[in-house]
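Peer 1: Got a structure here, written out as structure tokens. Questions coming.
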Amino acid sequence: MAPAKKRNVSSAKIVKEKTKKAKIDPESLVTGILESKKHANDVFDLLEALQSNTEKDVISAVNACNTLFCGLLERKDLHRGKLPEEEEALSGDFTAQQKYQIFMCHRYNSCKEMLLDHLEHEDYSVKEAALCCLMKFVESECNHPLEDLDWSEHYSFPRKLFQSLVGRMLSTTTDNTLLLSRFHEYLDMADVRYYVMHTVRQNVPAVMERNKGVPLPVYQNNVFNLMSNISMSCHETVLTNFMLTQETKHEDWKAAKLNEHKRVFEKMWLGFLKYKLPTNMYKRVLVILHESILPHMSQPTMMIDFLTAAYDIGGAISLLALNGLFVLIHHHNLDYPDFYQKLYNLLEPSVFHVKFRARFFHLANLFLSSSHLPVYLVAAFAKRLARLALTAPPTALLMVLPFIYNLIRRHPSSRVLIHKPSSQDELVEDPYNMEEKDPAKSCALDSSLWEIKTLQKHYHPDVAKTAMLINKPLSEQEDDIDELLEITAFELMERDLKTPQTKNIALEFESATRLLKEGDVLHQHFCLD
């Protein structure tokens with residue numbers, strides 16, 4: 001029995017030693033490979049570590065691969081040009097150095113494929129490590145290219161690797177918002193920014209056509225997060241910051257030309273917006289449209305189709321679409337005669353309860369600020385707002401009433417809505433047609449603002465007080481409605497419940513500290529026992 005026990009112990013030692021041997025440090029593998037070509041086969045152990053089930057081991061292997069292959073690229077130890085198959089390299093007429101370069105280049109390609117797969121890993125730290133490593137490969141290949149590219153158009157930028165990288169981040173199933181925010185720092189470099197736009201421009205039609213134009217919320221969200229981080233400077237005339245750091249760049253390299261950047265930027269956005277978007281995506285695009293997109297387009301009027309489609313959705317999206325149309329009308333001479341009719345039809349009872357109420361009335365105030373608007377149009381807006389005010393909450397009324405007063409101040413001809421000296425008899429029926437879509441046919445000028453007179457008996461004292469301002473001639477100074485746009489019911493109630501502070505009444509110059517003072521007349525004749 002004793003000998004058998006001894007054999008079991010020795011076999012356990014062997015298993016333990018094999019387990020220890022299997023756990024190899026990736027950094028030591030890299031050191032050995034770079035020091036001597038005889039350790040070239042150790043690269044298989046490194047690639048195997050990339051497929052580990054432990055996140056910590058994978059990240060360690062990713063960092064080691066970064067050191068190894070960037071070093072090989074710098075030392076020119078990877079095959080340059082068209083890569084032969086490994087079987088061809090073994091049987092062909094190649095030197096030992098060439099065979100080594102071909103062998104390591106195949107391992108480099110395998111590493112890139114594994115890292116691209118890791119961009120879809122469940123753990124974010126693995127994704128981030130793979131992204132940083134791949135971008136290091138892109139940078140190394142920029143300065144030590146492996147292929148002879150089209151020098152006149154793309155110089156030596158590794159387009160294939162970069163397109164694969166961007167394509168994996170634009171997943172159709174995984175929300176990569178966090179990973180794309182990490183990628184944002186690379187967009188400061190002009191060549192990276194150019195090839196991102198170039199890749200997105202090609203990727204979007206391919207994916208959307210494959211899905212027959214049906215919205216892909218996850219994919220389109222990833223694309224928008226990437227595109228919205230691309231900023232174009234209006235003041236920059238020369239591009240200076242590049243990932244490709246070679247001293248002499250070809251004069252025809254498109255990534256170094258600002259006009260090419262603007263051209264690709266415009267085509268990228270037009271290609272993205274021509275497909276139907278998820279409803280919430282329209283809001284996100286329209287919010288940045290007039291500041292981040294339109295100023296950098298050579299033909300901003302090409303956005304008319306997108307803005308018209310966005311208006312048809314209704315609600316706050318329609319208002320944001322009108323904002324974009326207003327920019328095109330005001331700055332780019334777009335002829336859009338139905339603009340104010342569309343704005344007029346957006347005035348519905350729900351407008352006082354939507355999330356974008358403050359933005360709605362801020363933009364409406366901007367749209368109606370011109371003194372050249374026809375009086376029938378101004379009267380129609382004032383009358384419609386007054387009719388809607390009958391059922392509006394107090395927080396909205398405190399903003400709507402000054403809004404109406406400002407319209408009347410800007411257009412004195414609309415004062416006929418307040419006072420009609422020619423009418424002898426009171427109107428039995430209001431001629432204004434609330435259901436009419438065309439403000440020119442609503443008969444607003446034949447009516448009056450009796451609704452404001454009704455609001456003078458409103459239950460809220462502040463509303464009643466504001467409505468009574470119409471009884472006196474309006475001042476020429478317009479009311480500032482910006483501070484009233486964000487008022488809430490809670491703030492209104494807090495203001496009502498707040499007790500007014502009473503002023504302290506001065507009783508004497510010197511405050512008394514005791515009843516009888518020494519030296520006082522009372523102190524001479526009285527004492528407290």
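In the structure tokens, chains take letters A, B, ... by order of appearance, with residues numbered from 1 within each chain and ligands from 1 in the order shown.
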Just asking: which residues within region 74-320 of chain A are alpha helix (DSSP H) according to DSSP, as a VMD selection string?

Peer 2: chain A and resid 74 86 to 91 96 to 118 124 to 143 159 to 169 177 to 183 190 to 210 217 to 227 258 to 273 279 to 288 304 to 311 316 to 320

Peer 1: Contacts of His332 (chain A) at 8 Å or less, counting only C-alpha atoms, minus same-chain residues fewer than 3 places along, as number ranges by chain?

Peer 2: A: 300-301, 327-329

Peer 1: As a count of residues only, please: the residues near Ile317 (chain A) (cut-off 8 Å, only C-alpha atoms, same-chain neighbours under 6 positions excluded).

Peer 2: 5

Peer 1: As an exercise, work out the distance from CA of Glu55 (chain A) to CA of Val126 (chain A) in Å and give it to one decimal place.

Peer 2: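 If I compute the distance from CA of Glu55 (chain A) to CA of Val126 (chain A), I get 6.5 Å.
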
Peer 1: One number please: CA of Ala440 (chain A) to CA of Ala316 (chain A), in Å, one decimal.

Peer 2: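 Those two atoms sit 24.2 Å apart.
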
Peer 1: Between A:Asp338, A:Glu88, A:Glu491, A:Glu74, which is the closest to Ser140 (chain A) once you count only C-alpha atoms?

Peer 2: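 When distances to Ser140 (chain A) are compared using only C-alpha atoms, the smallest one comes from A:Glu74.
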
Peer 1: Rounded to one decimal in Å, what is the spacing between CA of Lys355 (chain A) and CA of Val400 (chain A)?

Peer 2: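 Distance between the two atoms: 16.4 Å.
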
Peer 1: For Leu180 (chain A), which residue among A:Met303, A:Val416, A:Val196, A:Met434 is the nearest when counting only C-alpha atoms?

Peer 2: A:Val196

Peer 1: Using only C-alpha atoms, which residues sit within 8 Å of Arg384 (chain A) once same-chain residues fewer than 4 positions away are excluded, as a ChimeraX atom specification?

Peer 2: /A:347,380,388,434

Peer 1: Write the selection just made, keeping N, CA, C and O atoms, as a short mmCIF file (atom, residue, chain, number, x, y, z; two decimals), in the first residue's frame?

Peer 2:
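The resulting result04.cif:
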```cif
data_model
loop_
_atom_site.label_atom_id
_atom_site.label_comp_id
_atom_site.auth_asym_id
_atom_site.auth_seq_id
_atom_site.Cartn_x
_atom_site.Cartn_y
_atom_site.Cartn_z
N LEU A 347 -50.30 74.93 -32.81
CA LEU A 347 -50.89 75.47 -31.58
C LEU A 347 -52.13 74.68 -31.21
O LEU A 347 -53.23 74.93 -31.70
N ALA A 380 -54.38 86.15 -36.27
CA ALA A 380 -54.75 84.73 -36.17
C ALA A 380 -53.99 84.05 -35.05
O ALA A 380 -54.57 83.27 -34.27
N LEU A 388 -56.96 79.17 -26.77
CA LEU A 388 -56.34 78.07 -26.04
C LEU A 388 -56.12 78.42 -24.58
O LEU A 388 -56.09 77.53 -23.71
N MET A 434 -61.96 78.35 -35.28
CA MET A 434 -60.81 77.66 -34.65
C MET A 434 -60.37 76.45 -35.46
O MET A 434 -59.21 76.06 -35.42
#
```

Peer 1: Taking only C-alpha atoms into account, name the residue in A:Ser28, A:Asn280, A:Asn109, A:Gln477 that is nearest to His79 (chain A).

Peer 2: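 Looking at the shortest contact to His79 (chain A), the residue is A:Asn109.
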